[in-house]
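K.L.:
Just dropping this structure here.
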Amino acid sequence: MTSQRFALPTLLVVLCACLVENLSVEENFASGLNVSLPEPRAYIPDAHLLDFVYHNHEEMTRFLRATSARYPNLTALYSIGKSVQGRDLWVMVVSASPYEHMLGKPDVKYVANIHGNEAVGRELMLHLIQYFVTSYTTDPYIKWLLDNTRIHILPSLNPDGFAVSKEGTCDGGQGRYNARGFDLNRNFPDYFKQNNKRGQPETDAVKEWISKIQFSLSGSLHGGALVASYPYDNTPNSMFQSYASSPSLTPDDDIFRHLSLTYASNHAKMSRGVACKTSSPSFENGITNGAAWYPLTGGMQDYNYIWYGCMEVTLEVSCCKYPPAHELRKYWDDNQLSLVKFLAEVHRGVQGFVTDMSGTPIEKASLKIKGRDVGFQTTRYGEFWRILLPGVYKLEVYADGYIPRDVDFMVVDQHPTLLNVTMQPAKGYHMYNLLKTTTTTTTPRTPPSSKDSSDIIMFPE
């Protein structure tokens, strides 16, 4: 997302990032926002609730429960299942509508600590939760994001592995796997190669979770490198190499590169592409195709994308997998803006409803952008979302019992396109001329001023 798409109140967030990166305000606003800049507002966590230390499972659970009790109108805590050793896999929803689906508002997610010894992402998620709930009434950009998005945050998918990991250990495999010795990021069904590894409670819980909630965008947080890695992770090639493999590109490669660049360019260091070690590869602009880095079978991001049309990017956020706790504040400063801006990208592209002639939503209609073979489906309310860059596209819509439809539409950079499609029954309906396919665009409203924060922000420029 370019600097032109910031709402004016979000200059507070941008300026904090500028200070971290030691960049001038002029560099970050070179695209021409001619405004007076407010003083930067630093985020200071509530030390009584959450400090920059590592939290074991019991401490994490207490924090999540206390936050849910303290902010009942913004948070909802639920468990998607249990680990091998019986620890809850907690998910915190942060949204203006935490308990109920918001019609027309997308669901997004972050999943961290898939490898138990990659601990930074786990703590970043706790601080992101606190940042959201404490900023909702004071930061109009955060208010817009929570008013228009349901954010699901799973701080630790592998709490058993974390429990046996050691702080200060930058490399090695202790704690990487779950309690049965399985790598959870090699444990999902795979499109390119049959994955015969036995499903684990943690990955089974994720598969059930994403089958019930139609996520449009996702980030998976890891450690051991500093890069945003995008699908595909696997490749149809028969031979795997350790490094310098060929890219394995999705039909949505332009979108995945954009999402990855959004995270890397808003990060304090990632976009520099500096290798963590002399023996490790460097990454141009801080991004890489997963298979080009090293191919793997059974990865979570490929599963999200191919099975459910959810665009997931793997975010490697620390060179050291489990750095000392005194460095956590630095990692939060480096990633804070990226974590927010990445989620906001779900509001780029096209969104809308698929209904029948009477206006009844059509659930599980199959949709595909022409020329992009990985499809997606409507929700039980007939909703759909697809992240797209500016351009002209054709939406192909299929539903059992209805005539397939092709609809042309345009995506612009400033705001999402709203596209509502009405489907005609395949048989026994003679009033074809009543079929209407409506295409409109949402109009961004002026962000609220400091004197009137009650206005709703439809989309930040």
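Labels for the structure tokens follow display order: chains A, B, ..., residues from 1 in each chain, ligands from 1.
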Hey, which bits of region 250-298 of chain A sit within 6 Å of region 336-345 of chain A, and for each residue what's the closest pair of atoms and how far apart in Å (one decimal), counting only C-alpha atoms, rows by chain and increasing number, as a Markdown table?
P.N.:
| residue | atom | partner | partner_atom | distance |
| --- | --- | --- | --- | --- |
| A:Tyr263 | CA | A:Ser338 | CA | 4.8 |
| A:Asn266 | CA | A:Ser338 | CA | 4.9 |
| A:His267 | CA | A:Ser338 | CA | 5.4 |
K.L.:
Using all heavy atoms, can you write the selected residues to a file as a PDB file, in the first residue's frame?
P.N.:
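See part30.pdb below for the written result:
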ATOM      1  N   TYR A 263       4.121  -5.830   3.545  1.00  0.00           N
ATOM      2  CA  TYR A 263       4.704  -6.114   4.864  1.00  0.00           C
ATOM      3  C   TYR A 263       6.166  -5.668   4.913  1.00  0.00           C
ATOM      4  O   TYR A 263       6.580  -4.967   5.844  1.00  0.00           O
ATOM      5  CB  TYR A 263       4.602  -7.603   5.194  1.00  0.00           C
ATOM      6  CG  TYR A 263       4.794  -7.862   6.676  1.00  0.00           C
ATOM      7  CD1 TYR A 263       3.698  -7.914   7.524  1.00  0.00           C
ATOM      8  CD2 TYR A 263       6.063  -7.982   7.229  1.00  0.00           C
ATOM      9  CE1 TYR A 263       3.856  -8.098   8.888  1.00  0.00           C
ATOM     10  CE2 TYR A 263       6.245  -8.173   8.588  1.00  0.00           C
ATOM     11  CZ  TYR A 263       5.138  -8.226   9.416  1.00  0.00           C
ATOM     12  OH  TYR A 263       5.311  -8.401  10.776  1.00  0.00           O
ATOM     13  N   ASN A 266       6.867  -1.794   4.945  1.00  0.00           N
ATOM     14  CA  ASN A 266       6.454  -1.102   6.161  1.00  0.00           C
ATOM     15  C   ASN A 266       7.240  -1.549   7.386  1.00  0.00           C
ATOM     16  O   ASN A 266       7.064  -1.005   8.480  1.00  0.00           O
ATOM     17  CB  ASN A 266       4.961  -1.302   6.406  1.00  0.00           C
ATOM     18  CG  ASN A 266       4.103  -0.458   5.484  1.00  0.00           C
ATOM     19  OD1 ASN A 266       4.062   0.763   5.584  1.00  0.00           O
ATOM     20  ND2 ASN A 266       3.435  -1.101   4.543  1.00  0.00           N
ATOM     21  N   HIS A 267       8.082  -2.547   7.208  1.00  0.00           N
ATOM     22  CA  HIS A 267       8.945  -3.057   8.267  1.00  0.00           C
ATOM     23  C   HIS A 267      10.196  -2.190   8.349  1.00  0.00           C
ATOM     24  O   HIS A 267      10.645  -1.625   7.355  1.00  0.00           O
ATOM     25  CB  HIS A 267       9.302  -4.511   7.963  1.00  0.00           C
ATOM     26  CG  HIS A 267      10.026  -5.231   9.045  1.00  0.00           C
ATOM     27  ND1 HIS A 267      11.385  -5.099   9.261  1.00  0.00           N
ATOM     28  CD2 HIS A 267       9.580  -6.109   9.983  1.00  0.00           C
ATOM     29  CE1 HIS A 267      11.747  -5.869  10.276  1.00  0.00           C
ATOM     30  NE2 HIS A 267      10.658  -6.495  10.736  1.00  0.00           N
TER      31      HIS A 267
END
K.L.:
From a backbone DSSP assignment, name each residue in region 78-262 of chain A labelled helix (DSSP H, G or I), as a VMD selection string.
P.N.:
chain A and resid 120 to 135 140 to 148 159 to 163 184 to 186 201 to 212 253 to 262
K.L.:
Go through A:Ile80, A:Ala228, A:Val111, A:Ile306 one by one, measure the shortest atom-to-atom distance of each to Gly290 (chain A) using only C-alpha atoms, and give the residue with the smallest value.
P.N.:
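Ranking A:Ile80, A:Ala228, A:Val111, A:Ile306 by distance to Gly290 (chain A), first place goes to A:Ala228.
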K.L.:
Residues near Met102 (chain A), anyone? I mean within 12 Å using only C-alpha atoms, not counting same-chain ones fewer than 3 positions away, as a PyMOL selection string.
P.N.:
chain A and resi 95-99+105-107+146-151+379+381+383
K.L.:
I need the residues in region 145-272 of chain A that are strand (DSSP E) according to DSSP; give them as number ranges by chain.
P.N.:
A: 150-154, 215-222, 225-230
K.L.:
Can you pull out the residues contacting Ala179 (chain A)? Cut-off 12 Å, using only C-alpha atoms, and skip same-chain residues under 5 positions away; I want them as an MDAnalysis selection string.
P.N.:
chainID A and resid 82:87 115:116 158:165 174 184 200:202
K.L.:
Grab the residues selected above and save them as a compact mmCIF listing (two decimals), in the first residue's frame with C-alpha atoms.
P.N.:
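Listed below is the output, result39.txt:
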# COMPACT_ATOMS: atom_id res chain seq x y z
CA LYS A 82 -6.12 -28.60 22.03
CA SER A 83 -2.51 -29.54 21.49
CA VAL A 84 -1.19 -33.08 21.94
CA GLN A 85 -0.56 -32.32 25.62
CA GLY A 86 -3.96 -30.71 26.14
CA ARG A 87 -3.13 -27.01 25.91
CA HIS A 115 7.27 -23.91 15.25
CA GLY A 116 7.48 -23.83 19.02
CA ASN A 158 2.42 -25.12 19.00
CA PRO A 159 2.30 -24.42 22.76
CA ASP A 160 3.81 -27.82 23.55
CA GLY A 161 6.88 -27.07 21.46
CA PHE A 162 7.22 -23.62 23.02
CA ALA A 163 7.17 -25.17 26.50
CA VAL A 164 10.41 -27.09 25.83
CA SER A 165 12.18 -24.35 23.86
CA GLN A 174 14.57 -28.13 20.14
CA LEU A 184 3.24 -28.66 11.86
CA GLN A 200 -1.88 -33.87 14.18
CA PRO A 201 -4.37 -32.33 16.64
CA GLU A 202 -2.99 -28.85 16.02
K.L.:
List the neighbours of region 396-404 of chain A out to 6 Å using only C-alpha atoms; skip same-chain residues closer than 2 positions along the sequence, and give me the result as a PyMOL selection string.
P.N.:
chain A and resi 365-368+406+424-426
K.L.:
With distances taken over only C-alpha atoms, which of A:Asn237, A:Gln301, A:Thr360, A:Asn73 is nearest to Asn187 (chain A)?
P.N.:
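Selected residue with least distance to Asn187 (chain A): A:Gln301.
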K.L.:
Show me, as number ranges by chain, the residues that have an atom within 12 Å of Asn335 (chain A) when counting only C-alpha atoms, minus same-chain residues fewer than 3 positions from it.
P.N.:
A: 13, 16-17, 20-21, 120-121, 123-125, 127-128, 221, 226-228, 262-271, 315-318, 328-332, 338-342
K.L.:
Would you list the contacts of Arg122 (chain A) as a list in words, taking every protein, DNA or RNA residue within 6 Å and counting only C-alpha atoms, but skipping same-chain residues closer than 6 positions in sequence?
P.N.:
Ala112, Asn113, Pro155 and Ser156 of chain A
K.L.:
Which residue is closest to Met311 (chain A)? Choose from A:Thr278, A:Ser260, A:Thr137, A:Gln414 and count only C-alpha atoms.
P.N.:
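Ranked by minimum distance to Met311 (chain A), first place goes to A:Ser260.
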